[in-house]
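A.B. asks: Shown below is the structure under consideration.
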Amino acid sequence: MNQIERLSVALDDRRYEILIGEELVAGAGRHLAPLLGDRRVMIVTDETLAGLHLGTLERALEDAGIAAEAFVVPAGEASKDFATLQQLCERLLAAGIDRRTVLLAFGGGVVGDLTGFAAAILLRGIDFVQVPTTLLAQVDSSVGGKTGIDTPQGKNLVGAFHQPLLVLADTGILSSLPRREMLAGYAEVAKYGLLGDAEFFHWLEGHGHAVVEGEPNALRQAVLISCRAKAAVVAADERETGSRALLNLGHTFAHALETECGYAGELLHGEAVAIGMTLAFELSAQLGLCPPEDADRVRRHLAAVDLPTGFERLGGRAWNAARLIEHMHKDKKASGGHLTFVLARRIGEAFVSRSVEEAQVAQLLTETIAETAPPLDLAGE
Ligand SMILES: NC(=O)c1ccc[n+]([C@@H]2O[C@H](COP(=O)([O-])OP(=O)(O)OC[C@H]3O[C@@H](n4cnc5c(N)ncnc54)[C@H](O)[C@@H]3O)[C@@H](O)[C@H]2O)c1
Ligand SMILES: O=C(O)C(=O)C[C@@H](O)[C@H](O)[C@H](O)COP(=O)(O)O
Ligand SMILES: [Zn+2]
């Protein structure tokens with residue numbers, strides 16, 4: 001099916017479109033030419049995309065008369081760092097970009113966050129376009145303008161809000177995405193149901209496997225509903241002064257886990273979010289805020305599609321609740337010594353809380369580590 005869905009992200013002072021369809025990379029020139037005119041395009045992508053799909057994008061731009069050059073960074077979370085940002089900025093400056101140059105992020109959330117941040121700071125801000133190629137990037141990171149990099153102190157601690165000119169989400173390109181990455185993106189899809197749309201979560205309980213298998217109709221529906229939800233939240237609170245923080249469901253736990261793992265690929269962001277959302281519902285249930293059956297339902301569904309819900313797959317290190325809580329204190333949303341959590345009253349009704357007792361979090365983490373983390377094999381030490 002070649003139908004294109006169009007959504008709009010309406011901000012206070014401007015709006016941009018999200019296009020969702022199956023052949024948008026091959027047809028990128030048609031959508032970009034009217035927007036960009038004769039502006040020069042610098043494609044930023046990673047090594048995997050360069051090997052698989054960059055040629056298709058380059059031909060599409062060339063056919064539309066758009067002058068483009070490509071800049072390739074290593075694939076994976078480790079590229080969302082100062083060193084890669086510096087190299088990218090220096091290469092783009094050496095290539096002679098000016099304020100009319102447009103960056104085009106062609107890749108997953110890593111390329112999108114990195115390119116968006118480079119666009120935010122180069123020449124004090126130039127335009128960029130998002131062409132997301134992972135499920136996670138199509139349903140989440142390409143929309144909303146959060147850009148940035150990780151630091152050893154924590155996830156996304158250096159960054160800027162910088163909105164793209166356009167998002168082109170080609171669901172067809174997901175056919176080459178490895179299953180593990182598809183699942184990681186699915187965690188952020190499920191997040192929209194869990195935070196504000198119980199009906200969508202119910203739909204996912206029936207169609208989640210089809211989404212993860214890449215069945216075209218299920219996938220399109222999941223991307224569409226997710227982008228619609230994200231666009232609405234961002235339009236209501238672009239700079240996260242209030243309700244946008246709901247998009248952080250599971251992320252206080254997730255970011256602490258990712259920081260502890262060192263962004264090395266052992267734990268993907270979406271996998272961390274799946275564990276984090278399970279813990280956020282469990283915490284809500286333990287605090288008497290949410291029915292325990294809802295917390296069980298969340299865990300069951302995430303496990304049923306094969307996402308992690310505890311520390312089972314995170315062997316080889318001595319997990320420590322206090323250390324994870326230390327990481328949480330460095331999160332952007334912690335303030336005045338208080339941790340921030342997105343909790344739930346039920347599936348589809350999340351809220352932001354700054355009043356969770358640290359001891360309660362420590363107890364939940366300690367129990368979960370004891371119950372699910374593989375024992376440390378000390379034999380080889
Ligand atoms: N800015 C935001 O609002 C926001 C939202 C959610 C997540 N994020 C960030 O996004 C990042 C994670 O993004 P991600 O999950 O897309 O990871 P990613 O960008 O590392 O991509 C995952 C892997 O898939 C490969 N890949 C990408 N597209 C492919 C395709 N079509 N076929 C085959 N392989 C392909 C990549 O090369 C990479 O190895 C994290 O850093 C996270 O913090 C940001
Ligand atoms: O867009 C948002 O807002 C989100 O919180 C989306 C999250 O899925 C994403 O991981 C985001 O990068 C987290 O933001 P942060 O501000 O907590 O770093
Ligand atoms: Zn996320």
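Residue numbering restarts at 1 in every chain; chains get A, B, ... in the order shown in the structure tokens, and ligands count up from 1 in that same order.
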Taking only C-alpha atoms and all ligand atoms into account, which residues are within 8 Å of ligand 3, as a PyMOL selection string?
C.D. replies: chain A and resi 140-141+188+247-248+251+269-270+273
A.B. asks: Residues of the last selection are to be written out with N, CA and C atoms, as an mmCIF file, in the first residue's frame.
C.D. replies:
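Printed below is selection-v3.cif as written:
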```
data_model
loop_
_atom_site.group_PDB
_atom_site.id
_atom_site.type_symbol
_atom_site.label_atom_id
_atom_site.label_comp_id
_atom_site.auth_asym_id
_atom_site.auth_seq_id
_atom_site.Cartn_x
_atom_site.Cartn_y
_atom_site.Cartn_z
ATOM 1 N N ASP A 140 9.065 7.922 18.048
ATOM 2 C CA ASP A 140 9.425 8.717 19.218
ATOM 3 C C ASP A 140 10.493 9.771 18.928
ATOM 4 N N SER A 141 11.746 9.329 18.694
ATOM 5 C CA SER A 141 12.843 10.311 18.746
ATOM 6 C C SER A 141 12.838 11.332 17.618
ATOM 7 N N GLU A 188 8.667 1.735 23.199
ATOM 8 C CA GLU A 188 8.185 3.135 23.186
ATOM 9 C C GLU A 188 6.769 3.202 22.601
ATOM 10 N N LEU A 247 5.982 11.534 28.867
ATOM 11 C CA LEU A 247 6.690 10.717 27.858
ATOM 12 C C LEU A 247 7.901 10.033 28.470
ATOM 13 N N ASN A 248 8.199 10.381 29.698
ATOM 14 C CA ASN A 248 9.319 9.780 30.412
ATOM 15 C C ASN A 248 8.903 8.560 31.233
ATOM 16 N N HIS A 251 11.426 5.993 32.284
ATOM 17 C CA HIS A 251 12.758 6.487 31.931
ATOM 18 C C HIS A 251 13.656 6.812 33.125
ATOM 19 N N HIS A 269 18.235 1.286 24.531
ATOM 20 C CA HIS A 269 17.348 2.240 25.216
ATOM 21 C C HIS A 269 15.939 1.656 25.379
ATOM 22 N N GLY A 270 15.394 1.100 24.316
ATOM 23 C CA GLY A 270 14.021 0.574 24.375
ATOM 24 C C GLY A 270 13.907 -0.586 25.367
ATOM 25 N N VAL A 273 13.743 0.890 28.675
ATOM 26 C CA VAL A 273 12.418 1.490 28.890
ATOM 27 C C VAL A 273 11.397 0.400 29.258
#
```
A.B. asks: Can I get the residues close to ligand 1 as a PyMOL selection string, where close means within 8 Å and we count only C-alpha atoms and all ligand atoms?
C.D. replies: chain A and resi 46-49+52-53+74-77+80+107-113+132-137+140-150+155-156+173-178+181+184-185+188+268-270
A.B. asks: So that I can see what lies close to Ala33 of chain A, please list as a PyMOL selection string the residues with an atom at most 9 Å from it, counting only C-alpha atoms and leaving out residues fewer than 3 positions away in the same chain.
C.D. replies: chain A and resi 28-30+36-38+61+64-66
A.B. asks: Please provide the set of residues having any atom within 10 Å of Pro375 of chain A, restricted to only C-alpha atoms, with same-chain residues fewer than 4 positions apart removed, written as a PDB file with C-alpha atoms, in the first residue's frame.
C.D. replies:
```
ATOM      1  CA  GLU A 312      17.431 -11.473  33.605  1.00  0.00           C
ATOM      2  CA  GLY A 315      24.361 -10.671  33.851  1.00  0.00           C
ATOM      3  CA  GLY A 316      28.054 -10.159  34.431  1.00  0.00           C
ATOM      4  CA  ARG A 317      27.810  -7.256  36.840  1.00  0.00           C
ATOM      5  CA  ALA A 318      26.974  -6.781  40.503  1.00  0.00           C
ATOM      6  CA  ILE A 369      17.725  -7.554  41.448  1.00  0.00           C
ATOM      7  CA  ALA A 370      17.544 -10.458  43.923  1.00  0.00           C
TER       8      ALA A 370
END
```
A.B. asks: Write out as a ChimeraX atom specification each polymer residue whose atoms come within 7 Å of segment 16-26 of chain A, counting only C-alpha atoms; drop sequence neighbours fewer than 5 positions from it.
C.D. replies: /A:2-10,56-57,60,165-172
A.B. asks: Can you tell me, as a ChimeraX atom specification, which residues in segment 13-48 of chain A count as strand (DSSP E or B) by DSSP?
C.D. replies: /A:15-21,41-46
A.B. asks: Work out how far atom CA of Ser79 of chain A is from atom CA of Leu114 of chain A, in Å to one decimal.
C.D. replies: 7.9 Å
A.B. asks: Which residues are close to Leu302 of chain A, i.e. within 10 Å by only C-alpha atoms, leaving aside same-chain residues fewer than 2 positions away? Reply as a list in words.
C.D. replies: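 Within the cut-off, the hits are Leu183, Tyr186, Ala187, Ala190, Glu205, Gly208, Glu271, Ala274, Ile275, Met277, Thr278, Arg297, Val298, Arg299, Arg300, Ala304, Val305, Asp306, Leu307, Pro308 and Thr309 of chain A.
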A.B. asks: Calculated over only C-alpha atoms, which of the candidates A:Leu339, A:Ala120, A:Met42, A:Ala280 has the smallest distance to Ala160 of chain A?
C.D. replies: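 Selected residue with least distance to Ala160 of chain A: A:Ala120.
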A.B. asks: Which residues are near Glu371 of chain A? Cut-off 12 Å, only C-alpha atoms, ignore same chain within fewer than 2 positions. Put them as a ChimeraX atom specification.
C.D. replies: /A:309-312,319,364-369,373-375
A.B. asks: Find, counting only C-alpha atoms, the residue in A:Arg346, A:Ala95, A:Asp197, A:Glu260 that gets nearest to Asp296 of chain A.
C.D. replies: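 Between A:Arg346, A:Ala95, A:Asp197, A:Glu260, the residue approaching Asp296 of chain A most closely is A:Arg346.
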A.B. asks: Figure out the distance between atom CA of Ala303 of chain A and atom CA of Gly206 of chain A, please, to one decimal in Å.
C.D. replies: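 We find that atom CA of Gly206 of chain A and atom CA of Ala303 of chain A lie 13.9 Å from each other.
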A.B. asks: Between atom 12 (O, counted along the ligand's line) of ligand 2 and atom CA of Leu343 of chain A, what is the distance in Å, rounded to a tenth?
C.D. replies: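 Rounded to one decimal, the two atoms are 18.0 Å apart.
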A.B. asks: Could you tell me, as a PyMOL selection string, which residues of segment 172-259 of chain A DSSP assigns to alpha helix (DSSP H) when given the backbone?
C.D. replies: chain A and resi 179-196+198-213+216-236+251-259
A.B. asks: I need the residue nearest Phe200 of chain A from this list: A:Pro34, A:Gly348, A:Gly27, A:Gly96. Use only C-alpha atoms for the distance.
C.D. replies: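 Ranked by minimum distance to Phe200 of chain A, first place goes to A:Gly348.
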